[in-house]
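Take a look at the structure set out below.
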Amino acid sequence: MSGMTGDSTRCVKAVAHEGVPGSPLQAGPVFAAPYLLGEDERDDIDTYARASNPGWRALESALADLEHASAARVVGSGMSAITVALRSLVRPGGTVVVPSDGYYQVRKFATEYLAPHGIDVHELSVAEFGDGSLQRVLDGAGPGAVVLAETPSNPGLDTVDLRETAQSCRRTGALLLVDNTTATPLGQLPLDLGADVVVASGTKSLSGHSDLLFGYIAVADPELLPAIDRERLLSGTVLGPFETWLAHRSLGTAGLRFERQCANALAVAGMLLEHPAVTDVRYPGLAGDPAHAVAAGQMSRFGPLLTFRLPGRDEVHRFVRAATLVAPATSFGGIHTTADRRARWGDAVSEGFVRLSCGIEDTADLLADLDAALKETALH
């Protein structure tokens with residue numbers, strides 16, 4: 001899925017500098033709010049930082065290359081990528097489909113913002129994307145509906161068949177947006193599978209150091225860009241120049257980091273399957289996982305996230321305290337292994353449901369630490 005070159009090569013090439021001799025190999029951030037104006041009043045130059053920035057263009061070019069997109073636009077966070085895309089593309093009085101078992105803040109935005117503005121909001125689970133429910137919604141909506149799919153889903157790690165979903169959307173004239181945060185373009189290329197738009201949080205594995213927020217929108221058809229550009233400009237949901245530079249710099253090592261994260265996740269999931277202290281292990285890369293068949297058909301790597309279940313809230317906290325290589329933190333995709341108890345955020349999961357994001361630690365060390373922490377947890 002990654003073309004003729006490997007993922008680390010793709011990442012390094014995406015951030016390669018093509019300047020003149022004597023220019024920096026790695027371009028730095030451009031700190032400016034206003035830019036100097038010319039008397040000819042051209043509109044193809046930088047004028048104000050809410051509208052454009054040279055750093056944005058470098059980062060957007062890299063992201064478009066990685067996502068196999070015609071173009072990309074960066075915004076201030078993954079959530080703003082979703083809201084900018086939906087506000088740009090959903091028609092007044094139109095229909096939008098959002099995941100009922102995906103990121104909970106998306107449902108809040110759809111029900112608390114879009115629905116009161118006359119948008120017909122439908123929440124469908126991953127299972128309902130494939131059982132005919134989506135097609136029935138689209139048949140009743142008419143052209144112009146917008147479907148947002150999240151795959152693998154967060155936190156359940158179920159997978160949507162993107163080829164099948166794209167076909168359903170094309171039959172009815174709907175647009176398909178795919179949240180590619182969990183998989184990243186190093187694990188999945190939704191635009192190659194028929195999606196119209198990718199939205200994602202680059203905060204996670206792409207930037208990878210848990211020190212900045214950024215999101216992006218990537219499109220197959222550049223005709224979608226004017227509405228997205230206008231919404232970004234008017235809403236002001238923009239990425240600062242320093243964060244832009246940090247994100248661009250970090251992309252160069254994303255392939256290496258993601259490869260180790262995925263290898264660790266597969267090894268940890270395999271260990272947890274056999275561990276008596278846990279139940280309900282989920283990871284799309286496991287051959288026996290319910291999501292594996294679809295994931296194997298559209299993903300080249302299966303991501304850093306896995307989930308499992310402990311008996312309850314107290315056991316989760318004891319496990320995290322006992323582990324020396326696990327940080328208690330939400331979000332995912334960083335160099336550190338992290339865990340959070342998803343029930344605290346309102347997800348429809350049990351009190352002992354754990355979402356674990358594997359970092360880049362040595363695999364043997366991580367396995368040993370998790371095993372010791374689970375044994376310590378079981379003793380109390």
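So you can find residues: chains in the structure tokens are A, B, ... in the order shown, residues in each start at 1, and ligands are numbered from 1 in order.
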
Pick out the residues sitting within 12 Å of Lys108 in chain A, and hand them over as a ChimeraX atom specification; count only C-alpha atoms, and ignore anything fewer than 6 positions along from it in its own chain. /A:79,83,98-100,102,114-116,121,123,346

Report the residues of range 11-180 of chain A whose backbone DSSP state falls under strand (DSSP E), written as a list in words.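 So, restricting range 11-180 of chain A to strand (DSSP E), we get Ala71, Ala72, Arg73, Val74, Val75, Thr95, Val96, Val97, Val98, Pro99, Asp120, Val121, His122, Glu123, Leu124, Val146, Val147, Leu148, Ala149, Glu150, Leu175, Leu176, Leu177, Val178 and Asp179 of chain A.
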
Which residues come within 10 Å of range 61-72 of chain A, counting only C-alpha atoms, excluding same-chain residues fewer than 3 positions away, as a PyMOL selection string? chain A and resi 2-3+7+10-16+55-58+180+184-186+188-192+196-199+202+206+216-225+248+251-252

Give me the residues near Pro29 in chain A as a count of residues only, where near means some atom within 12 Å (using only C-alpha atoms) and where sequence neighbours in that chain fewer than 6 positions away do not count. 18

Find the spatial neighbours of range 159-162 of chain A, counting only C-alpha atoms, within a cut-off of 7 Å - ignore same-chain residues fewer than 2 positions away - and output them as a ChimeraX atom specification. /A:126,129,151-153,157,164-166,193,291,294-295

Could you take the residues named above and write them with all heavy atoms, as a PDB file, in the first residue's frame?
```pdb
ATOM      1  N   VAL A 126     -19.887   0.674  13.630  1.00  0.00           N
ATOM      2  CA  VAL A 126     -19.104   0.018  12.584  1.00  0.00           C
ATOM      3  C   VAL A 126     -19.903  -1.122  11.957  1.00  0.00           C
ATOM      4  O   VAL A 126     -19.925  -1.284  10.728  1.00  0.00           O
ATOM      5  CB  VAL A 126     -17.769  -0.499  13.148  1.00  0.00           C
ATOM      6  CG1 VAL A 126     -17.087  -1.447  12.166  1.00  0.00           C
ATOM      7  CG2 VAL A 126     -16.837   0.677  13.454  1.00  0.00           C
ATOM      8  N   PHE A 129     -22.363   0.095   9.439  1.00  0.00           N
ATOM      9  CA  PHE A 129     -21.794   0.531   8.168  1.00  0.00           C
ATOM     10  C   PHE A 129     -21.821  -0.609   7.149  1.00  0.00           C
ATOM     11  O   PHE A 129     -21.860  -0.361   5.943  1.00  0.00           O
ATOM     12  CB  PHE A 129     -20.349   1.015   8.365  1.00  0.00           C
ATOM     13  CG  PHE A 129     -20.227   2.491   8.609  1.00  0.00           C
ATOM     14  CD1 PHE A 129     -20.553   3.032   9.849  1.00  0.00           C
ATOM     15  CD2 PHE A 129     -19.791   3.337   7.617  1.00  0.00           C
ATOM     16  CE1 PHE A 129     -20.440   4.389  10.092  1.00  0.00           C
ATOM     17  CE2 PHE A 129     -19.672   4.703   7.843  1.00  0.00           C
ATOM     18  CZ  PHE A 129     -20.003   5.228   9.074  1.00  0.00           C
ATOM     19  N   THR A 151     -11.866   4.358  11.110  1.00  0.00           N
ATOM     20  CA  THR A 151     -11.397   2.977  11.057  1.00  0.00           C
ATOM     21  C   THR A 151      -9.887   2.902  11.129  1.00  0.00           C
ATOM     22  O   THR A 151      -9.217   3.638  10.404  1.00  0.00           O
ATOM     23  CB  THR A 151     -11.928   2.267   9.791  1.00  0.00           C
ATOM     24  OG1 THR A 151     -11.509   0.894   9.795  1.00  0.00           O
ATOM     25  CG2 THR A 151     -11.432   2.910   8.495  1.00  0.00           C
ATOM     26  N   PRO A 152      -9.338   2.069  12.039  1.00  0.00           N
ATOM     27  CA  PRO A 152     -10.020   1.390  13.130  1.00  0.00           C
ATOM     28  C   PRO A 152     -10.675   2.389  14.088  1.00  0.00           C
ATOM     29  O   PRO A 152     -10.177   3.493  14.275  1.00  0.00           O
ATOM     30  CB  PRO A 152      -8.903   0.611  13.833  1.00  0.00           C
ATOM     31  CG  PRO A 152      -7.847   0.424  12.803  1.00  0.00           C
ATOM     32  CD  PRO A 152      -7.900   1.682  11.984  1.00  0.00           C
ATOM     33  N   SER A 153     -11.783   1.948  14.678  1.00  0.00           N
ATOM     34  CA  SER A 153     -12.549   2.839  15.532  1.00  0.00           C
ATOM     35  C   SER A 153     -11.839   3.038  16.870  1.00  0.00           C
ATOM     36  O   SER A 153     -11.064   2.197  17.316  1.00  0.00           O
ATOM     37  CB  SER A 153     -13.956   2.277  15.757  1.00  0.00           C
ATOM     38  OG  SER A 153     -13.891   1.012  16.415  1.00  0.00           O
ATOM     39  N   LEU A 157     -11.597  -0.409  18.151  1.00  0.00           N
ATOM     40  CA  LEU A 157     -10.680  -1.009  17.172  1.00  0.00           C
ATOM     41  C   LEU A 157     -11.389  -1.943  16.204  1.00  0.00           C
ATOM     42  O   LEU A 157     -10.808  -2.915  15.720  1.00  0.00           O
ATOM     43  CB  LEU A 157      -9.512  -1.725  17.871  1.00  0.00           C
ATOM     44  CG  LEU A 157      -8.640  -0.819  18.754  1.00  0.00           C
ATOM     45  CD1 LEU A 157      -7.491  -1.621  19.364  1.00  0.00           C
ATOM     46  CD2 LEU A 157      -8.110   0.372  17.968  1.00  0.00           C
ATOM     47  N   GLU A 164     -16.140  -0.949   0.263  1.00  0.00           N
ATOM     48  CA  GLU A 164     -17.592  -1.152   0.228  1.00  0.00           C
ATOM     49  C   GLU A 164     -18.327   0.128   0.589  1.00  0.00           C
ATOM     50  O   GLU A 164     -19.333   0.495  -0.047  1.00  0.00           O
ATOM     51  CB  GLU A 164     -17.958  -2.270   1.211  1.00  0.00           C
ATOM     52  CG  GLU A 164     -19.417  -2.612   1.287  1.00  0.00           C
ATOM     53  CD  GLU A 164     -19.669  -3.726   2.286  1.00  0.00           C
ATOM     54  OE1 GLU A 164     -19.451  -4.906   1.924  1.00  0.00           O
ATOM     55  OE2 GLU A 164     -20.064  -3.425   3.435  1.00  0.00           O
ATOM     56  N   THR A 165     -17.849   0.834   1.597  1.00  0.00           N
ATOM     57  CA  THR A 165     -18.490   2.080   2.014  1.00  0.00           C
ATOM     58  C   THR A 165     -18.384   3.137   0.925  1.00  0.00           C
ATOM     59  O   THR A 165     -19.340   3.888   0.660  1.00  0.00           O
ATOM     60  CB  THR A 165     -17.860   2.590   3.315  1.00  0.00           C
ATOM     61  OG1 THR A 165     -17.972   1.578   4.329  1.00  0.00           O
ATOM     62  CG2 THR A 165     -18.545   3.854   3.801  1.00  0.00           C
ATOM     63  N   ALA A 166     -17.224   3.221   0.263  1.00  0.00           N
ATOM     64  CA  ALA A 166     -17.054   4.177  -0.825  1.00  0.00           C
ATOM     65  C   ALA A 166     -18.026   3.891  -1.968  1.00  0.00           C
ATOM     66  O   ALA A 166     -18.581   4.813  -2.579  1.00  0.00           O
ATOM     67  CB  ALA A 166     -15.615   4.146  -1.331  1.00  0.00           C
ATOM     68  N   LEU A 193      -8.567   3.905  -1.505  1.00  0.00           N
ATOM     69  CA  LEU A 193      -9.644   2.930  -1.354  1.00  0.00           C
ATOM     70  C   LEU A 193     -11.003   3.505  -1.728  1.00  0.00           C
ATOM     71  O   LEU A 193     -12.017   2.835  -1.579  1.00  0.00           O
ATOM     72  CB  LEU A 193      -9.676   2.419   0.090  1.00  0.00           C
ATOM     73  CG  LEU A 193      -8.408   1.702   0.560  1.00  0.00           C
ATOM     74  CD1 LEU A 193      -8.433   1.492   2.074  1.00  0.00           C
ATOM     75  CD2 LEU A 193      -8.237   0.370  -0.152  1.00  0.00           C
ATOM     76  N   ALA A 291     -11.841  -7.905  13.780  1.00  0.00           N
ATOM     77  CA  ALA A 291     -11.606  -6.874  12.767  1.00  0.00           C
ATOM     78  C   ALA A 291     -10.516  -7.248  11.771  1.00  0.00           C
ATOM     79  O   ALA A 291     -10.276  -6.500  10.824  1.00  0.00           O
ATOM     80  CB  ALA A 291     -11.214  -5.563  13.459  1.00  0.00           C
ATOM     81  N   VAL A 294     -11.115  -7.568   7.592  1.00  0.00           N
ATOM     82  CA  VAL A 294     -11.238  -6.291   6.890  1.00  0.00           C
ATOM     83  C   VAL A 294      -9.931  -5.517   6.968  1.00  0.00           C
ATOM     84  O   VAL A 294      -9.459  -4.955   5.974  1.00  0.00           O
ATOM     85  CB  VAL A 294     -12.401  -5.458   7.470  1.00  0.00           C
ATOM     86  CG1 VAL A 294     -12.404  -4.045   6.875  1.00  0.00           C
ATOM     87  CG2 VAL A 294     -13.729  -6.150   7.190  1.00  0.00           C
ATOM     88  N   ALA A 295      -9.326  -5.480   8.159  1.00  0.00           N
ATOM     89  CA  ALA A 295      -8.074  -4.725   8.335  1.00  0.00           C
ATOM     90  C   ALA A 295      -6.986  -5.242   7.412  1.00  0.00           C
ATOM     91  O   ALA A 295      -6.260  -4.462   6.783  1.00  0.00           O
ATOM     92  CB  ALA A 295      -7.623  -4.805   9.788  1.00  0.00           C
TER      93      ALA A 295
END
```

List the spatial neighbours of Phe258 in chain A as a short mmCIF file (atom, residue, chain, number, x, y, z; two decimals) with C-alpha atoms, in the first residue's frame - criterion: any atom at most 9 Å away, only C-alpha atoms, same-chain residues fewer than 2 positions off excluded.
```
data_model
loop_
_atom_site.label_atom_id
_atom_site.label_comp_id
_atom_site.auth_asym_id
_atom_site.auth_seq_id
_atom_site.Cartn_x
_atom_site.Cartn_y
_atom_site.Cartn_z
CA LEU A 186 1.69 4.67 7.06
CA GLY A 187 -0.91 2.03 7.84
CA SER A 205 1.73 9.02 15.65
CA LEU A 206 2.78 11.44 12.92
CA GLY A 208 4.77 11.36 17.80
CA THR A 253 11.11 9.89 11.72
CA ALA A 254 7.44 8.87 11.65
CA GLY A 255 8.14 5.74 9.59
CA LEU A 256 10.72 4.42 12.05
CA ARG A 260 8.38 -0.02 16.18
CA GLN A 261 5.02 0.98 17.69
CA CYS A 262 3.17 -1.52 15.50
CA ALA A 263 5.69 -4.29 16.22
CA ARG A 301 0.27 -1.92 9.37
CA GLY A 303 -1.27 0.74 14.45
CA PRO A 304 -0.03 1.25 18.00
CA GLY A 333 0.85 7.43 19.23
CA GLY A 359 5.58 3.35 22.28
CA ILE A 360 9.04 2.71 20.89
#
```

Range 162-378 of chain A: which residues are helix (DSSP H, G or I) by DSSP, as a ChimeraX atom specification? /A:162-172,190-193,222-235,241-251,254-273,292-298,313-322,342-345,363-378

Report, in Å with one decimal, the straight-line distance from CA of Val178 in chain A to CA of Ser210 in chain A.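 Separation of CA of Val178 in chain A and CA of Ser210 in chain A: 23.0 Å.
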
Find the spatial neighbours of Val281 in chain A, counting only C-alpha atoms, within a cut-off of 12 Å - ignore same-chain residues fewer than 5 positions away - and output them as a PyMOL selection string. chain A and resi 156-157+265-266+268-276+286+288-291+305-310+353-356

When you count only C-alpha atoms, which of these residues is closest to Arg107 in chain A: A:Glu128, A:Asp347, A:Glu361, A:Glu41? A:Asp347

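Distances from A:Arg73, A:Arg342, A:Lys375, A:Arg42 to Val278 in chain A were compared using only C-alpha atoms, and the smallest one belongs to A:Lys375.
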
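Atom to atom, CA of Pro284 in chain A and CA of Ala127 in chain A stand 15.1 Å apart.
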
What gap, in Å, lies between CA of Thr338 in chain A and CA of Val326 in chain A?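 Distance reported for this atom pair: 5.1 Å.
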
Identify which of the residues A:Ser350, A:Ser331, A:Gln298, A:Ser133 lies closest to Lys204 in chain A, counting only C-alpha atoms when measuring atom-to-atom distances. A:Ser331
